[in-house]
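For reference, the structure discussed in these notes is given below.
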Amino acid sequence: MKNNCSNLYILTTVACQLTECLSEKELEILSADLTALGYMIESLLKRQSNCGNHETACP
């Protein structure tokens, strides 16, 4: 299993820096946008994975 501690450290550092620069409202909006981005990327990856398993082209 790959060790992702460095990714967690970087993300924690970014989160801490953002809390020093942005208001609570701005952080809430950014959090919602990043969550939506994560879901979109997950959806695209699953679609690509499923398309790779079929002989027909996916939309």
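Residues are referred to by chain and number: the chain letter is A, B, ... according to the order shown in the structure tokens, the number counts from 1 in that chain, and ligands are numbered separately from 1 in the order shown.
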_Which of chain A end up as alpha helix (DSSP H) when DSSP is run on this backbone - answer as an MDAnalysis selection string?_
chainID A and resid 5:21 24:52
Using N, CA and C atoms, can you export the residues from the last selection as a compact mmCIF listing (two decimals), in the first residue's frame?
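Printed below is selection-v2.txt as written:
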```txt
# COMPACT_ATOMS: atom_id res chain seq x y z
N CYS A 5 1.08 9.89 3.33
CA CYS A 5 1.26 10.87 4.41
C CYS A 5 1.71 12.23 3.88
N SER A 6 2.56 12.24 2.85
CA SER A 6 3.02 13.53 2.32
C SER A 6 1.85 14.30 1.70
N ASN A 7 0.92 13.60 1.05
CA ASN A 7 -0.26 14.27 0.50
C ASN A 7 -1.11 14.87 1.61
N LEU A 8 -1.28 14.12 2.70
CA LEU A 8 -2.07 14.62 3.83
C LEU A 8 -1.40 15.83 4.46
N TYR A 9 -0.08 15.80 4.56
CA TYR A 9 0.65 16.93 5.13
C TYR A 9 0.45 18.18 4.26
N ILE A 10 0.57 18.02 2.97
CA ILE A 10 0.40 19.15 2.05
C ILE A 10 -1.02 19.70 2.14
N LEU A 11 -2.01 18.80 2.13
CA LEU A 11 -3.40 19.25 2.21
C LEU A 11 -3.70 19.95 3.52
N THR A 12 -3.15 19.45 4.61
CA THR A 12 -3.34 20.09 5.91
C THR A 12 -2.71 21.48 5.92
N THR A 13 -1.53 21.60 5.35
CA THR A 13 -0.85 22.89 5.29
C THR A 13 -1.65 23.89 4.46
N VAL A 14 -2.17 23.45 3.32
CA VAL A 14 -2.98 24.32 2.47
C VAL A 14 -4.24 24.75 3.22
N ALA A 15 -4.90 23.80 3.88
CA ALA A 15 -6.12 24.13 4.63
C ALA A 15 -5.85 25.16 5.71
N CYS A 16 -4.76 24.98 6.44
CA CYS A 16 -4.42 25.94 7.49
C CYS A 16 -4.13 27.33 6.92
N GLN A 17 -3.42 27.38 5.82
CA GLN A 17 -3.12 28.67 5.20
C GLN A 17 -4.38 29.35 4.69
N LEU A 18 -5.29 28.58 4.11
CA LEU A 18 -6.53 29.15 3.61
C LEU A 18 -7.38 29.73 4.74
N THR A 19 -7.38 29.07 5.90
CA THR A 19 -8.17 29.59 7.02
C THR A 19 -7.63 30.92 7.53
N GLU A 20 -6.36 31.18 7.26
CA GLU A 20 -5.78 32.46 7.67
C GLU A 20 -6.07 33.57 6.66
N CYS A 21 -6.43 33.19 5.43
CA CYS A 21 -6.60 34.18 4.37
C CYS A 21 -8.06 34.44 4.00
N GLU A 24 -14.94 32.84 6.83
CA GLU A 24 -15.67 31.59 7.01
C GLU A 24 -16.60 31.33 5.83
N LYS A 25 -17.27 32.35 5.37
CA LYS A 25 -18.19 32.22 4.22
C LYS A 25 -17.42 31.80 2.97
N GLU A 26 -16.27 32.43 2.73
CA GLU A 26 -15.45 32.06 1.57
C GLU A 26 -14.95 30.63 1.66
N LEU A 27 -14.59 30.20 2.88
CA LEU A 27 -14.15 28.82 3.09
C LEU A 27 -15.28 27.83 2.84
N GLU A 28 -16.49 28.17 3.25
CA GLU A 28 -17.64 27.31 3.00
C GLU A 28 -17.89 27.14 1.51
N ILE A 29 -17.81 28.23 0.77
CA ILE A 29 -18.02 28.18 -0.68
C ILE A 29 -16.91 27.37 -1.35
N LEU A 30 -15.67 27.62 -0.97
CA LEU A 30 -14.54 26.88 -1.53
C LEU A 30 -14.67 25.39 -1.23
N SER A 31 -15.04 25.06 -0.02
CA SER A 31 -15.22 23.66 0.37
C SER A 31 -16.29 22.98 -0.49
N ALA A 32 -17.41 23.65 -0.68
CA ALA A 32 -18.49 23.09 -1.51
C ALA A 32 -18.03 22.92 -2.96
N ASP A 33 -17.30 23.90 -3.48
CA ASP A 33 -16.81 23.81 -4.86
C ASP A 33 -15.80 22.68 -5.02
N LEU A 34 -14.92 22.51 -4.04
CA LEU A 34 -13.92 21.44 -4.13
C LEU A 34 -14.57 20.07 -3.99
N THR A 35 -15.61 19.98 -3.17
CA THR A 35 -16.35 18.73 -3.05
C THR A 35 -17.01 18.38 -4.38
N ALA A 36 -17.64 19.38 -5.00
CA ALA A 36 -18.27 19.16 -6.31
C ALA A 36 -17.23 18.74 -7.34
N LEU A 37 -16.07 19.37 -7.32
CA LEU A 37 -15.00 19.01 -8.24
C LEU A 37 -14.58 17.55 -8.04
N GLY A 38 -14.46 17.14 -6.79
CA GLY A 38 -14.10 15.75 -6.49
C GLY A 38 -15.12 14.77 -7.04
N TYR A 39 -16.41 15.07 -6.88
CA TYR A 39 -17.45 14.20 -7.41
C TYR A 39 -17.42 14.17 -8.94
N MET A 40 -17.16 15.31 -9.57
CA MET A 40 -17.08 15.35 -11.03
C MET A 40 -15.92 14.51 -11.55
N ILE A 41 -14.77 14.63 -10.90
CA ILE A 41 -13.60 13.85 -11.31
C ILE A 41 -13.87 12.36 -11.11
N GLU A 42 -14.48 12.00 -9.98
CA GLU A 42 -14.81 10.60 -9.73
C GLU A 42 -15.75 10.06 -10.81
N SER A 43 -16.74 10.85 -11.17
CA SER A 43 -17.69 10.44 -12.21
C SER A 43 -16.99 10.25 -13.56
N LEU A 44 -16.12 11.18 -13.90
CA LEU A 44 -15.40 11.06 -15.18
C LEU A 44 -14.48 9.84 -15.19
N LEU A 45 -13.82 9.57 -14.09
CA LEU A 45 -12.94 8.40 -14.01
C LEU A 45 -13.73 7.10 -14.15
N LYS A 46 -14.90 7.03 -13.51
CA LYS A 46 -15.73 5.84 -13.63
C LYS A 46 -16.25 5.68 -15.04
N ARG A 47 -16.62 6.79 -15.67
CA ARG A 47 -17.11 6.74 -17.05
C ARG A 47 -15.99 6.25 -17.97
N GLN A 48 -14.78 6.77 -17.79
CA GLN A 48 -13.65 6.33 -18.61
C GLN A 48 -13.37 4.85 -18.39
N SER A 49 -13.44 4.41 -17.14
CA SER A 49 -13.19 3.01 -16.82
C SER A 49 -14.23 2.11 -17.48
N ASN A 50 -15.50 2.52 -17.42
CA ASN A 50 -16.57 1.74 -18.03
C ASN A 50 -16.47 1.74 -19.55
N CYS A 51 -16.07 2.85 -20.13
CA CYS A 51 -15.94 2.92 -21.58
C CYS A 51 -14.81 2.02 -22.06
N GLY A 52 -13.78 1.89 -21.26
CA GLY A 52 -12.65 1.04 -21.63
C GLY A 52 -13.00 -0.43 -21.63
```
